[in-house]
Amino acid sequence: MDDLDGRLSALIAEVRHNPANSRKWRSAMHKLLWEIQQLPGLKKSAHQNYPEALNLTLAWVSRDIAKFEPRSPSVSKSFVNWINGTLRRRIQDLYSPDKDAPISLDAPIAADIGKTTRLELLPDFPLSGLDGMIESVQKETTQRIGLQLELYIEQDPEGKLRNSYPRSNPECNCQFLSMRRVLKEPPDKFRDLAKELKVNYTTLNSHWNRKCEPSLQEIARTLGYKQELKP
């Protein structure tokens, strides 16, 4: 078993072993999502909305990872094949000519079944049940974005966070503050951080509000988040 297979096997095992949404589960899952995006053979597309297809696929992985079964010749190859099966369909959806067209529940589905509509074929469940399904999907999407945001903060691949700090106070950078304010549970208080860093409280608080928080909001938006982060 090579290094990649070993990392994937360990992360998948850790995700399955820990309760969903627990701290250990979240840590293992966002590392696994990062590994997925680096996998050799992962399906790609030049479509401008490819990130949307990938995000939907990652959300599916986080939900259905327990269904993955490694096969020969390796864990990584069988894993990427398993992921590509769904990712390929999401990419195909991007190229559908009617992708952005509204779906009418009253329109006939096909001529060979007469005037049967989508509405008539829906299962009989209360509206509250439908609302619950929609809310569940929204929560899954938010959870997946949250995992990716945690990973971004830890990795800071472009250095945007660690290179943003008040003049002459590089230790008071946005990556450090985000790890202590966003990733830590419970988050550290600004006054405690100011004392630890030996930085003026007003300077630290102002830097967070003017630089760090807007940067996190922008990163979250690029990941697909539709709402502003709460302060």
# chains A, B, ... in the order shown; residues from 1 in each chain; ligands from 1

call {"tool": "residues_around", "arguments": {"residues": "stretch 175-189 of chain A", "least_positions_apart": "6", "cutoff": "12 Å", "atoms": "only C-alpha atoms", "output": "PyMOL selection string"}}
result
chain A and resi 22-23+26-27+146-165+169+195-197+201+204-205+207-209+211-217+229-231

call {"tool": "write_last_selection", "arguments": {"atoms": "C-alpha atoms", "output": "PDB file, in the first residue's frame"}}
result
ATOM      1  CA  SER A  22     -18.208  15.500  15.879  1.00  0.00           C
ATOM      2  CA  ARG A  23     -14.934  17.405  16.044  1.00  0.00           C
ATOM      3  CA  ARG A  26     -15.101  17.109  10.853  1.00  0.00           C
ATOM      4  CA  SER A  27     -11.314  17.138  11.051  1.00  0.00           C
ATOM      5  CA  GLY A 146     -17.831  24.793   6.494  1.00  0.00           C
ATOM      6  CA  LEU A 147     -15.445  21.855   6.206  1.00  0.00           C
ATOM      7  CA  GLN A 148     -13.772  23.392   3.175  1.00  0.00           C
ATOM      8  CA  LEU A 149     -13.474  26.749   4.932  1.00  0.00           C
ATOM      9  CA  GLU A 150     -11.803  25.069   7.913  1.00  0.00           C
ATOM     10  CA  LEU A 151      -9.356  23.396   5.564  1.00  0.00           C
ATOM     11  CA  TYR A 152      -8.660  26.691   3.775  1.00  0.00           C
ATOM     12  CA  ILE A 153      -7.904  28.421   7.072  1.00  0.00           C
ATOM     13  CA  GLU A 154      -5.494  25.680   8.124  1.00  0.00           C
ATOM     14  CA  GLN A 155      -3.765  25.410   4.733  1.00  0.00           C
ATOM     15  CA  ASP A 156      -4.030  29.081   3.624  1.00  0.00           C
ATOM     16  CA  PRO A 157      -2.825  27.975   0.150  1.00  0.00           C
ATOM     17  CA  GLU A 158      -2.366  31.484  -1.254  1.00  0.00           C
ATOM     18  CA  GLY A 159      -1.081  33.089   1.932  1.00  0.00           C
ATOM     19  CA  LYS A 160      -3.931  35.609   1.991  1.00  0.00           C
ATOM     20  CA  LEU A 161      -4.636  35.129   5.673  1.00  0.00           C
ATOM     21  CA  ARG A 162      -1.154  34.834   7.161  1.00  0.00           C
ATOM     22  CA  ASN A 163       0.081  37.811   5.129  1.00  0.00           C
ATOM     23  CA  SER A 164      -2.661  40.090   6.418  1.00  0.00           C
ATOM     24  CA  TYR A 165      -1.672  41.719   9.710  1.00  0.00           C
ATOM     25  CA  ASN A 169       2.531  42.849  14.186  1.00  0.00           C
ATOM     26  CA  LYS A 195      -2.885  40.015  25.957  1.00  0.00           C
ATOM     27  CA  GLU A 196      -1.251  36.852  24.555  1.00  0.00           C
ATOM     28  CA  LEU A 197       0.044  38.639  21.448  1.00  0.00           C
ATOM     29  CA  TYR A 201      -6.987  45.419  21.925  1.00  0.00           C
ATOM     30  CA  LEU A 204      -6.552  43.633  17.050  1.00  0.00           C
ATOM     31  CA  ASN A 205     -10.315  44.107  17.028  1.00  0.00           C
ATOM     32  CA  HIS A 207      -7.911  44.392  12.093  1.00  0.00           C
ATOM     33  CA  TRP A 208     -10.329  41.495  12.538  1.00  0.00           C
ATOM     34  CA  ASN A 209     -13.340  43.592  11.538  1.00  0.00           C
ATOM     35  CA  LYS A 211      -9.508  42.680   7.145  1.00  0.00           C
ATOM     36  CA  CYS A 212      -9.982  39.180   8.539  1.00  0.00           C
ATOM     37  CA  GLU A 213     -13.749  38.871   8.605  1.00  0.00           C
ATOM     38  CA  PRO A 214     -14.233  40.306   5.075  1.00  0.00           C
ATOM     39  CA  SER A 215     -11.533  37.917   3.791  1.00  0.00           C
ATOM     40  CA  LEU A 216     -13.303  34.925   5.356  1.00  0.00           C
ATOM     41  CA  GLN A 217     -16.603  36.062   3.878  1.00  0.00           C
ATOM     42  CA  LEU A 229     -20.755  34.879   7.957  1.00  0.00           C
ATOM     43  CA  LYS A 230     -21.901  35.791  11.435  1.00  0.00           C
ATOM     44  CA  PRO A 231     -19.430  37.908  13.406  1.00  0.00           C
TER      45      PRO A 231
END

call {"tool": "residues_around", "arguments": {"residues": "A:Pro70", "least_positions_apart": "3", "cutoff": "12 Å", "atoms": "only C-alpha atoms", "output": "ChimeraX atom specification"}}
result
/A:5,8-9,12-13,65-67,73-83

call {"tool": "write_last_selection", "arguments": {"atoms": "all heavy atoms", "output": "short mmCIF file (atom, residue, chain, number, x, y, z; two decimals), in the first residue's frame"}}
result
data_model
loop_
_atom_site.label_atom_id
_atom_site.label_comp_id
_atom_site.auth_asym_id
_atom_site.auth_seq_id
_atom_site.Cartn_x
_atom_site.Cartn_y
_atom_site.Cartn_z
N ASP A 5 -2.69 5.61 -0.71
CA ASP A 5 -3.66 4.62 -0.27
C ASP A 5 -3.73 4.57 1.25
O ASP A 5 -4.81 4.43 1.84
CB ASP A 5 -3.28 3.23 -0.81
CG ASP A 5 -3.67 3.05 -2.27
OD1 ASP A 5 -4.19 4.01 -2.86
OD2 ASP A 5 -3.45 1.95 -2.81
N LEU A 8 -5.66 7.72 2.51
CA LEU A 8 -7.09 7.61 2.23
C LEU A 8 -7.75 6.57 3.14
O LEU A 8 -8.83 6.82 3.70
CB LEU A 8 -7.31 7.23 0.77
CG LEU A 8 -6.98 8.29 -0.28
CD1 LEU A 8 -7.13 7.73 -1.69
CD2 LEU A 8 -7.87 9.52 -0.11
N SER A 9 -7.11 5.43 3.29
CA SER A 9 -7.68 4.38 4.14
C SER A 9 -7.83 4.86 5.58
O SER A 9 -8.86 4.61 6.23
CB SER A 9 -6.79 3.13 4.09
OG SER A 9 -6.76 2.58 2.79
N ILE A 12 -10.69 7.60 5.73
CA ILE A 12 -12.02 6.99 5.56
C ILE A 12 -12.40 6.22 6.82
O ILE A 12 -13.54 6.30 7.29
CB ILE A 12 -12.02 6.06 4.33
CG1 ILE A 12 -11.89 6.90 3.05
CG2 ILE A 12 -13.31 5.24 4.28
CD1 ILE A 12 -11.67 6.08 1.79
N ALA A 13 -11.45 5.48 7.39
CA ALA A 13 -11.71 4.73 8.62
C ALA A 13 -12.06 5.67 9.77
O ALA A 13 -12.96 5.39 10.56
CB ALA A 13 -10.50 3.87 8.97
N ILE A 65 -20.14 8.34 2.31
CA ILE A 65 -18.82 7.72 2.37
C ILE A 65 -18.88 6.30 2.91
O ILE A 65 -18.05 5.45 2.55
CB ILE A 65 -17.86 8.58 3.24
CG1 ILE A 65 -16.43 8.04 3.17
CG2 ILE A 65 -18.37 8.66 4.67
CD1 ILE A 65 -15.82 8.07 1.80
N ALA A 66 -19.87 6.01 3.74
CA ALA A 66 -19.98 4.66 4.30
C ALA A 66 -20.27 3.61 3.23
O ALA A 66 -20.04 2.41 3.45
CB ALA A 66 -21.08 4.62 5.38
N LYS A 67 -20.75 4.03 2.08
CA LYS A 67 -21.09 3.09 1.00
C LYS A 67 -19.90 2.73 0.13
O LYS A 67 -20.00 1.84 -0.72
CB LYS A 67 -22.20 3.69 0.14
CG LYS A 67 -23.51 3.92 0.88
CD LYS A 67 -24.57 4.52 -0.03
CE LYS A 67 -25.86 4.77 0.73
NZ LYS A 67 -26.91 5.36 -0.15
N PRO A 73 -7.24 -2.30 -8.30
CA PRO A 73 -5.89 -2.61 -7.81
C PRO A 73 -5.45 -1.78 -6.61
O PRO A 73 -4.44 -2.09 -5.99
CB PRO A 73 -5.02 -2.29 -9.02
CG PRO A 73 -5.73 -1.16 -9.68
CD PRO A 73 -7.20 -1.44 -9.50
N SER A 74 -6.20 -0.70 -6.26
CA SER A 74 -5.77 0.12 -5.13
C SER A 74 -6.95 0.90 -4.57
O SER A 74 -7.98 1.09 -5.24
CB SER A 74 -4.67 1.10 -5.55
OG SER A 74 -5.18 2.08 -6.43
N VAL A 75 -6.78 1.37 -3.34
CA VAL A 75 -7.82 2.17 -2.70
C VAL A 75 -8.03 3.47 -3.47
O VAL A 75 -9.17 3.87 -3.74
CB VAL A 75 -7.43 2.50 -1.24
CG1 VAL A 75 -8.45 3.46 -0.62
CG2 VAL A 75 -7.34 1.23 -0.42
N SER A 76 -6.93 4.13 -3.84
CA SER A 76 -7.05 5.43 -4.51
C SER A 76 -7.75 5.32 -5.85
O SER A 76 -8.59 6.16 -6.19
CB SER A 76 -5.66 6.07 -4.68
OG SER A 76 -4.82 5.23 -5.44
N LYS A 77 -7.41 4.31 -6.65
CA LYS A 77 -8.04 4.16 -7.96
C LYS A 77 -9.51 3.81 -7.85
O LYS A 77 -10.35 4.34 -8.59
CB LYS A 77 -7.29 3.11 -8.78
CG LYS A 77 -5.91 3.57 -9.23
CD LYS A 77 -5.23 2.54 -10.12
CE LYS A 77 -3.88 3.05 -10.60
NZ LYS A 77 -3.18 2.05 -11.46
N SER A 78 -9.84 2.92 -6.94
CA SER A 78 -11.25 2.57 -6.77
C SER A 78 -12.03 3.74 -6.18
O SER A 78 -13.20 3.96 -6.51
CB SER A 78 -11.39 1.33 -5.88
OG SER A 78 -10.81 1.54 -4.60
N PHE A 79 -11.37 4.54 -5.33
CA PHE A 79 -12.02 5.69 -4.72
C PHE A 79 -12.32 6.76 -5.77
O PHE A 79 -13.43 7.31 -5.82
CB PHE A 79 -11.13 6.26 -3.61
CG PHE A 79 -11.81 7.25 -2.70
CD1 PHE A 79 -13.08 7.02 -2.22
CD2 PHE A 79 -11.15 8.42 -2.31
CE1 PHE A 79 -13.72 7.93 -1.37
CE2 PHE A 79 -11.77 9.33 -1.47
CZ PHE A 79 -13.05 9.09 -1.00
N VAL A 80 -11.33 7.07 -6.62
CA VAL A 80 -11.56 8.09 -7.64
C VAL A 80 -12.58 7.61 -8.66
O VAL A 80 -13.37 8.41 -9.18
CB VAL A 80 -10.23 8.50 -8.31
CG1 VAL A 80 -9.77 7.45 -9.34
CG2 VAL A 80 -10.37 9.85 -9.00
N ASN A 81 -12.61 6.32 -8.96
CA ASN A 81 -13.63 5.80 -9.87
C ASN A 81 -15.02 5.93 -9.27
O ASN A 81 -15.99 6.26 -9.96
CB ASN A 81 -13.34 4.33 -10.20
CG ASN A 81 -12.15 4.16 -11.12
OD1 ASN A 81 -11.78 5.09 -11.85
ND2 ASN A 81 -11.54 2.98 -11.11
N TRP A 82 -15.11 5.68 -7.97
CA TRP A 82 -16.39 5.79 -7.26
C TRP A 82 -16.87 7.23 -7.28
O TRP A 82 -18.04 7.51 -7.54
CB TRP A 82 -16.20 5.30 -5.83
CG TRP A 82 -17.43 5.32 -4.97
CD1 TRP A 82 -18.53 4.53 -5.10
CD2 TRP A 82 -17.66 6.16 -3.83
NE1 TRP A 82 -19.44 4.83 -4.11
CE2 TRP A 82 -18.94 5.82 -3.32
CE3 TRP A 82 -16.92 7.15 -3.20
CZ2 TRP A 82 -19.48 6.45 -2.20
CZ3 TRP A 82 -17.46 7.77 -2.09
CH2 TRP A 82 -18.72 7.43 -1.60
N ILE A 83 -15.98 8.16 -7.03
CA ILE A 83 -16.33 9.59 -7.03
C ILE A 83 -16.68 10.06 -8.44
O ILE A 83 -17.65 10.79 -8.64
CB ILE A 83 -15.16 10.42 -6.47
CG1 ILE A 83 -14.96 10.10 -4.99
CG2 ILE A 83 -15.42 11.92 -6.65
CD1 ILE A 83 -13.67 10.65 -4.42
#

call {"tool": "residues_around", "arguments": {"residues": "A:Glu14", "least_positions_apart": "4", "cutoff": "9 Å", "atoms": "only C-alpha atoms", "output": "ChimeraX atom specification"}}
result
/A:9-10,18,24-25,28-29

call {"tool": "closest_residue", "arguments": {"among": "A:His17, A:Arg63, A:His47, A:Arg210", "to": "A:Leu33", "atoms": "only C-alpha atoms"}}
result
A:Arg63

call {"tool": "select_by_dssp", "arguments": {"residues": "stretch 4-91 of chain A", "states": "helix (DSSP H, G or I)", "output": "PyMOL selection string"}}
result
chain A and resi 4-17+23-37+50-67+75-91

call {"tool": "closest_residue", "arguments": {"among": "A:Ser168, A:Asn55, A:Ser62, A:Ser45", "to": "A:Arg88", "atoms": "only C-alpha atoms"}}
result
A:Ser45

call {"tool": "closest_residue", "arguments": {"among": "A:Val15, A:Ala59, A:Leu32, A:Cys172", "to": "A:Val199", "atoms": "only C-alpha atoms"}}
result
A:Cys172

call {"tool": "closest_residue", "arguments": {"among": "A:Asn173, A:Thr57, A:Asn21, A:Ser72", "to": "A:Lys43", "atoms": "only C-alpha atoms"}}
result
A:Thr57

call {"tool": "residues_around", "arguments": {"residues": "A:Asn49", "least_positions_apart": "2", "cutoff": "12 Å", "atoms": "only C-alpha atoms", "output": "ChimeraX atom specification"}}
result
/A:44-47,51-56,90-95,99,222-224

call {"tool": "write_last_selection", "arguments": {"atoms": "C-alpha atoms", "output": "short mmCIF file (atom, residue, chain, number, x, y, z; two decimals), in the first residue's frame"}}
result
data_model
loop_
_atom_site.label_atom_id
_atom_site.label_comp_id
_atom_site.auth_asym_id
_atom_site.auth_seq_id
_atom_site.Cartn_x
_atom_site.Cartn_y
_atom_site.Cartn_z
CA LYS A 44 -12.27 17.66 -14.75
CA SER A 45 -14.21 20.06 -16.97
CA ALA A 46 -13.57 23.44 -18.56
CA HIS A 47 -17.16 24.49 -17.85
CA PRO A 51 -16.78 24.08 -9.11
CA GLU A 52 -20.53 23.76 -8.56
CA ALA A 53 -20.49 20.19 -9.90
CA LEU A 54 -17.49 19.36 -7.74
CA ASN A 55 -19.07 20.90 -4.64
CA LEU A 56 -22.25 18.85 -5.12
CA ARG A 90 -22.98 16.40 -12.26
CA ILE A 91 -20.79 17.65 -15.12
CA GLN A 92 -23.25 16.32 -17.68
CA ASP A 93 -25.96 18.32 -15.91
CA LEU A 94 -23.93 21.48 -16.54
CA TYR A 95 -24.13 20.94 -20.29
CA LYS A 99 -30.38 23.08 -17.02
CA THR A 222 -16.01 31.42 -3.52
CA LEU A 223 -16.84 28.07 -1.92
CA GLY A 224 -20.52 28.61 -2.64
#
